[in-house]
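In what follows, a single structure is set out as structure tokens and then discussed.
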Amino acid sequence: MWERTLQDLIRGLRANKTDERKFIQQAIEEIRKEVRGKDMELKAGAILKMTFLDMLGHDLTWANFNIIEVMSSQKYHLKTIGYLAASQSFSEHTDVLMLTTNLLKKDLSSNPADVALALNGLSHFVTSDLARDLTQELNAMLNHSRSYIRKRVVLALFKVIQQHPDALPYCLPRLKEKLEDPDLSVVSSTVNLFCELSRRNPQDFLILAPPLFHILTTSSNNWMLIKVIKLFGAISPFEPRLVKKLQGPITDLIQTTSAISLLYECVHTCIVGGMLEGSSGLPLARLCVTKLSGFLENDDQNLKFIAMMAMVKIVPIRPELVAEHQAVILNSLDDFDISIRMRALELICSMVTPHNAQFLVQQLLSHLVKASEKSESLPSASETLSRSLQGSSGATTVYTTAYRTEVATRVIDMCSKNMYENVQDFDWYLSVLLDLIYVANADIASIVREQLIDIVVRVKACRPYAVRLMTKLLDDDAL
């Protein structure tokens, strides 16, 4: 009997494109016959072919028991085929997975190659029952003599803990020891594990602060430092003493690092970790804002975007520091990138106070005037594409009706926020509403009407001026 290999199957698929379904059905029937035999080489080849067909959408569940047979082979090259098929097709609903418990225990205590293969497969198809039954073995393997095995065990434990949360307190003492492992890859894997697990219950990882602080102050690996800083950002709100302890090392990193990703993560952690608050946080806050303002003047649009996103979060804590850079922020309103303009608009709205409201509103009105003028002659699609291909210097800023409506709405929101807390002169605000009607070049009549009625009802002193403005508005034939 002649058996087709995987290569033969692929060649046959290419040669039978006109009648592919018939060819595949014939191939599956041959595979069914091959997996019933006792020849493990032939059975493994059949499983490999069926794994390929499974990638094309054909059901492999009927061969689940045969996959376990191949996984249990003593030959490594056959065992890899079994684990590959299991990793691809097994799920938590696969009923034969209960038969793999003893097989996995055996492979986890075998030679390093089989151990690595079992760990990789386990991370793909682990269930709550498997996780519970194998926790003890995995915890013991954290002290394996081979560093690459320790690293794989740490990474596999992430999936195990997700399926069986009770495994975390059992494995936590040894996992904590891995933060001081002599192999850097093991330390990095452990930091990644804790960083992901801390998303749910950060307070459970406060005991890791000492070894994490040691990594923070001694490591030069930027990617690992990013994860460590993220971890501190998650746990520091639960331990106020950490805030003062971290301010020094993080300040040093911000001042010395040339890695933009690490710098941004430091700034973000300072914000979410409460390190910018109080008198002790003022120098660090000033440093963060200064670094972010430098990003705003950078040609890289991504840096501008993340700088504005971070500044929006800093404004509630240190509005006076962000206000020092309002000129740069206002210039970003003319950026050709709509996402940058929208973030700049959001930042300006978050900066408004009773003292700077009139200035910021006037700047936005001036911006609307320019936007209305430029919107009258929008470039064609081909012109926009050709200019964008030339880079940002040749790109044209396009102000759509939706954008102008958004700016006008933001102006009204800035002034009407918290019962008009930012408005010191209601006659001035009535003038602003009238100006918006002329310069917005968008449908904002209903919003302006509601504001006019609300102000006239609430503020008796401004009613005469409101009547004069409305008379002017009604007499204007241009509207």
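Residue names in the structure tokens use chain letters A, B, ... in the order shown, residue numbers from 1 in each chain, and ligand numbers from 1 in the order shown.
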Note to self: Applying 9 Å and only C-alpha atoms, which residues near Gly121 (chain A) remain after dropping the ones on its own chain fewer than 3 positions away? List them as a PyMOL selection string.
What the structure shows: chain A and resi 83-84+86-87+116-118+124-126
Margin query: Need to verify the contact set: Val187 (chain A), 12 Å, only C-alpha atoms, exclusion of same-chain residues closer than 3 positions in sequence. Can you return it as an MDAnalysis selection string?
Written below: chainID A and resid 142 147:148 150:152 154:155 175:184 190:194 211:212 214:215 219 221 223:225 227:228
Check: Closest to Glu30 (chain A) among A:Gln358, A:Thr80, A:Thr5, A:Thr251, using only C-alpha atoms?
Finding: A:Thr5
Margin query: Which residues are close to region 156-158 of chain A, i.e. within 6 Å by only C-alpha atoms, leaving aside same-chain residues fewer than 3 positions away? Reply as a count of residues only.
Written below: 3
Margin query: Give me, as a list in words, all polymer residues having an atom no more than 9 Å from Ile338 (chain A), counting only C-alpha atoms and skipping those fewer than 6 positions away in the same chain.
Written below: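 Returned residues: Thr397, Val398, Tyr399 and Tyr403 of chain A.
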Could those selected residues go to a file with N, CA, C and O atoms, as a short mmCIF file (atom, residue, chain, number, x, y, z; two decimals), in the first residue's frame?
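The new file out-v1.cif reads:
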```cif
data_model
loop_
_atom_site.label_atom_id
_atom_site.label_comp_id
_atom_site.auth_asym_id
_atom_site.auth_seq_id
_atom_site.Cartn_x
_atom_site.Cartn_y
_atom_site.Cartn_z
N THR A 397 -3.71 70.56 5.93
CA THR A 397 -4.62 70.40 7.05
C THR A 397 -6.05 70.55 6.55
O THR A 397 -6.41 71.57 5.96
N VAL A 398 -6.86 69.51 6.78
CA VAL A 398 -8.25 69.51 6.32
C VAL A 398 -9.16 69.66 7.53
O VAL A 398 -9.06 68.89 8.49
N TYR A 399 -10.03 70.68 7.49
CA TYR A 399 -10.97 70.92 8.59
C TYR A 399 -12.37 70.57 8.12
O TYR A 399 -13.00 71.33 7.37
N TYR A 403 -15.31 68.30 12.40
CA TYR A 403 -14.26 68.85 13.27
C TYR A 403 -14.64 70.23 13.78
O TYR A 403 -14.49 70.54 14.96
#
```
Margin query: List as a list in words the protein and nucleic acid residues near Asp166 (chain A), meaning an atom at most 12 Å away when only C-alpha atoms are counted, but skip any in the same chain fewer than 2 places from it.
Written below: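 Non-adjacent residues within range: Ser128, Asp129, Ala131, Arg132, Asp133, Thr135, Gln136, Leu157, Val160, Ile161, Gln162, Gln163, His164, Leu168, Pro169, Tyr170, Cys171 and Leu172 of chain A.
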Notebook entry, point to check: Between CA of Gly233 (chain A) and CA of Met308 (chain A), what is the distance, to one decimal in Å?
Noted result: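 CA of Gly233 (chain A) sits 19.6 Å away from CA of Met308 (chain A).
Pairwise distance (CA of Ile226 (chain A), CA of Pro316 (chain A)) equals 24.8 Å.
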Item checked: Secondary structure check, alpha helix (DSSP H) residues of region 157-357 of chain A, as a ChimeraX atom specification -> /A:157-163,167-177,184-197,209-218,222-235,240-256,260-272,282-296,301-314,319-323,326-331,338-351,357
Notebook entry, point to check: Smallest atom-to-atom distance to Val369 (chain A): which of A:Asp413, A:Glu20, A:Glu320, A:Asp435, using only C-alpha atoms?
Noted result: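 Between A:Asp413, A:Glu20, A:Glu320, A:Asp435, the residue approaching Val369 (chain A) most closely is A:Asp435.
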Margin query: I need the residue nearest Thr405 (chain A) from this list: A:Val423, A:Val456, A:Ala442, A:Leu78. Use only C-alpha atoms for the distance.
Written below: A:Ala442
Next item on the list: Find the residues near Lys244 (chain A): any atom within 9 Å, counting only C-alpha atoms, skip ones fewer than 3 places away on the same chain, and give them as a list of chain:residue names.
Entry: A:Pro240, A:Arg241, A:Gln247, A:Gly248, A:Met275, A:Ser280, A:Gly281
Written selection (all heavy atoms) as a tab-separated table (two decimals), in the first residue's frame:
```
chain	number	residue	atom	x	y	z
A	240	PRO	N	1.64	53.53	50.28
A	240	PRO	CA	2.11	54.92	50.14
A	240	PRO	C	3.62	55.09	50.33
A	240	PRO	O	4.21	55.99	49.75
A	240	PRO	CB	1.33	55.66	51.24
A	240	PRO	CG	0.13	54.80	51.50
A	240	PRO	CD	0.58	53.39	51.28
A	241	ARG	N	4.24	54.23	51.13
A	241	ARG	CA	5.67	54.38	51.36
A	241	ARG	C	6.49	54.12	50.10
A	241	ARG	O	7.62	54.60	49.97
A	241	ARG	CB	6.12	53.41	52.46
A	241	ARG	CG	5.60	53.77	53.85
A	241	ARG	CD	5.98	52.72	54.87
A	241	ARG	NE	5.34	51.43	54.58
A	241	ARG	CZ	5.51	50.34	55.31
A	241	ARG	NH1	6.31	50.37	56.38
A	241	ARG	NH2	4.89	49.22	54.99
A	247	GLN	N	10.57	57.64	43.81
A	247	GLN	CA	10.77	58.93	43.14
A	247	GLN	C	12.22	59.12	42.68
A	247	GLN	O	12.46	59.59	41.57
A	247	GLN	CB	10.34	60.07	44.07
A	247	GLN	CG	8.83	60.24	44.15
A	247	GLN	CD	8.40	61.31	45.12
A	247	GLN	OE1	9.16	61.69	46.02
A	247	GLN	NE2	7.19	61.81	44.97
A	248	GLY	N	13.17	58.75	43.52
A	248	GLY	CA	14.58	58.92	43.16
A	248	GLY	C	15.00	58.09	41.96
A	248	GLY	O	15.50	58.64	40.96
A	275	MET	N	2.83	59.71	42.22
A	275	MET	CA	4.15	60.22	42.58
A	275	MET	C	4.32	61.70	42.30
A	275	MET	O	5.34	62.29	42.66
A	275	MET	CB	5.24	59.43	41.83
A	275	MET	CG	5.23	57.95	42.13
A	275	MET	SD	6.45	57.05	41.17
A	275	MET	CE	5.89	55.37	41.41
A	280	SER	N	6.64	66.99	47.64
A	280	SER	CA	7.76	66.12	47.27
A	280	SER	C	7.69	65.68	45.81
A	280	SER	O	8.71	65.32	45.21
A	280	SER	CB	7.78	64.88	48.17
A	280	SER	OG	6.58	64.13	48.02
A	281	GLY	N	6.50	65.73	45.23
A	281	GLY	CA	6.35	65.30	43.84
A	281	GLY	C	6.50	66.41	42.82
A	281	GLY	O	6.48	66.15	41.62
```
Checklist line | Residues within 12 Å of Trp62 (chain A), only C-alpha atoms, excluding chain neighbours under 2 positions, as a list in words | finding: Ile28, Ile31, Arg32, Val35, Ile47, Met50, Thr51, Asp54, His58, Asp59, Leu60, Asn64, Phe65, Asn66, Ile67, Ile68, Ser89, Phe90, Thr94, Asp95 and Val96 of chain A
What would the file look like if the residues just selected were written as an mmCIF file, in the first residue's frame with N, CA and C atoms?
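Once written, result.cif looks like this:
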```
data_model
loop_
_atom_site.group_PDB
_atom_site.id
_atom_site.type_symbol
_atom_site.label_atom_id
_atom_site.label_comp_id
_atom_site.auth_asym_id
_atom_site.auth_seq_id
_atom_site.Cartn_x
_atom_site.Cartn_y
_atom_site.Cartn_z
ATOM 1 N N ILE A 28 -8.740 12.190 3.468
ATOM 2 C CA ILE A 28 -9.183 11.962 4.851
ATOM 3 C C ILE A 28 -9.506 10.494 5.080
ATOM 4 N N ILE A 31 -6.340 8.769 5.576
ATOM 5 C CA ILE A 31 -5.791 9.090 6.899
ATOM 6 C C ILE A 31 -6.491 8.264 7.969
ATOM 7 N N ARG A 32 -7.802 8.108 7.871
ATOM 8 C CA ARG A 32 -8.552 7.302 8.840
ATOM 9 C C ARG A 32 -8.034 5.855 8.869
ATOM 10 N N VAL A 35 -4.401 5.788 10.634
ATOM 11 C CA VAL A 35 -4.311 5.962 12.087
ATOM 12 C C VAL A 35 -4.786 4.723 12.839
ATOM 13 N N ILE A 47 -1.413 11.839 11.257
ATOM 14 C CA ILE A 47 -1.796 12.952 12.138
ATOM 15 C C ILE A 47 -1.228 14.259 11.631
ATOM 16 N N MET A 50 -3.393 15.358 8.808
ATOM 17 C CA MET A 50 -4.688 15.820 9.296
ATOM 18 C C MET A 50 -4.550 17.173 9.996
ATOM 19 N N THR A 51 -3.410 17.414 10.628
ATOM 20 C CA THR A 51 -3.167 18.730 11.254
ATOM 21 C C THR A 51 -3.121 19.817 10.198
ATOM 22 N N ASP A 54 -6.590 20.425 9.102
ATOM 23 C CA ASP A 54 -7.299 21.171 10.145
ATOM 24 C C ASP A 54 -7.072 22.671 9.989
ATOM 25 N N HIS A 58 -10.882 21.741 8.179
ATOM 26 C CA HIS A 58 -11.490 20.413 8.279
ATOM 27 C C HIS A 58 -11.359 19.884 9.706
ATOM 28 N N ASP A 59 -12.400 19.236 10.183
ATOM 29 C CA ASP A 59 -12.492 18.806 11.581
ATOM 30 C C ASP A 59 -11.459 17.719 11.898
ATOM 31 N N LEU A 60 -10.760 17.896 13.037
ATOM 32 C CA LEU A 60 -9.747 16.947 13.475
ATOM 33 C C LEU A 60 -10.145 16.248 14.772
ATOM 34 N N ASN A 64 -8.729 12.714 18.044
ATOM 35 C CA ASN A 64 -8.135 13.160 19.314
ATOM 36 C C ASN A 64 -7.421 12.031 20.062
ATOM 37 N N PHE A 65 -8.053 10.854 20.114
ATOM 38 C CA PHE A 65 -7.419 9.739 20.821
ATOM 39 C C PHE A 65 -6.134 9.312 20.115
ATOM 40 N N ASN A 66 -6.132 9.342 18.798
ATOM 41 C CA ASN A 66 -4.931 8.972 18.045
ATOM 42 C C ASN A 66 -3.809 9.985 18.255
ATOM 43 N N ILE A 67 -4.188 11.238 18.455
ATOM 44 C CA ILE A 67 -3.184 12.262 18.746
ATOM 45 C C ILE A 67 -2.472 11.946 20.057
ATOM 46 N N ILE A 68 -3.239 11.542 21.065
ATOM 47 C CA ILE A 68 -2.636 11.191 22.363
ATOM 48 C C ILE A 68 -1.713 9.984 22.203
ATOM 49 N N SER A 89 -5.422 21.648 18.047
ATOM 50 C CA SER A 89 -6.826 21.223 18.000
ATOM 51 C C SER A 89 -7.475 21.034 19.365
ATOM 52 N N PHE A 90 -6.698 20.776 20.436
ATOM 53 C CA PHE A 90 -7.300 20.543 21.745
ATOM 54 C C PHE A 90 -7.766 21.846 22.371
ATOM 55 N N THR A 94 -12.229 19.483 25.101
ATOM 56 C CA THR A 94 -11.824 18.186 24.555
ATOM 57 C C THR A 94 -11.922 17.125 25.647
ATOM 58 N N ASP A 95 -12.769 16.138 25.435
ATOM 59 C CA ASP A 95 -13.054 15.171 26.500
ATOM 60 C C ASP A 95 -11.891 14.237 26.799
ATOM 61 N N VAL A 96 -11.001 13.979 25.833
ATOM 62 C CA VAL A 96 -9.909 13.030 26.064
ATOM 63 C C VAL A 96 -8.725 13.657 26.803
#
```
Note to self: Report, in Å with one decimal, the straight-line distance from CA of Gln88 (chain A) to CA of Leu13 (chain A).
What the structure shows: 21.2 Å
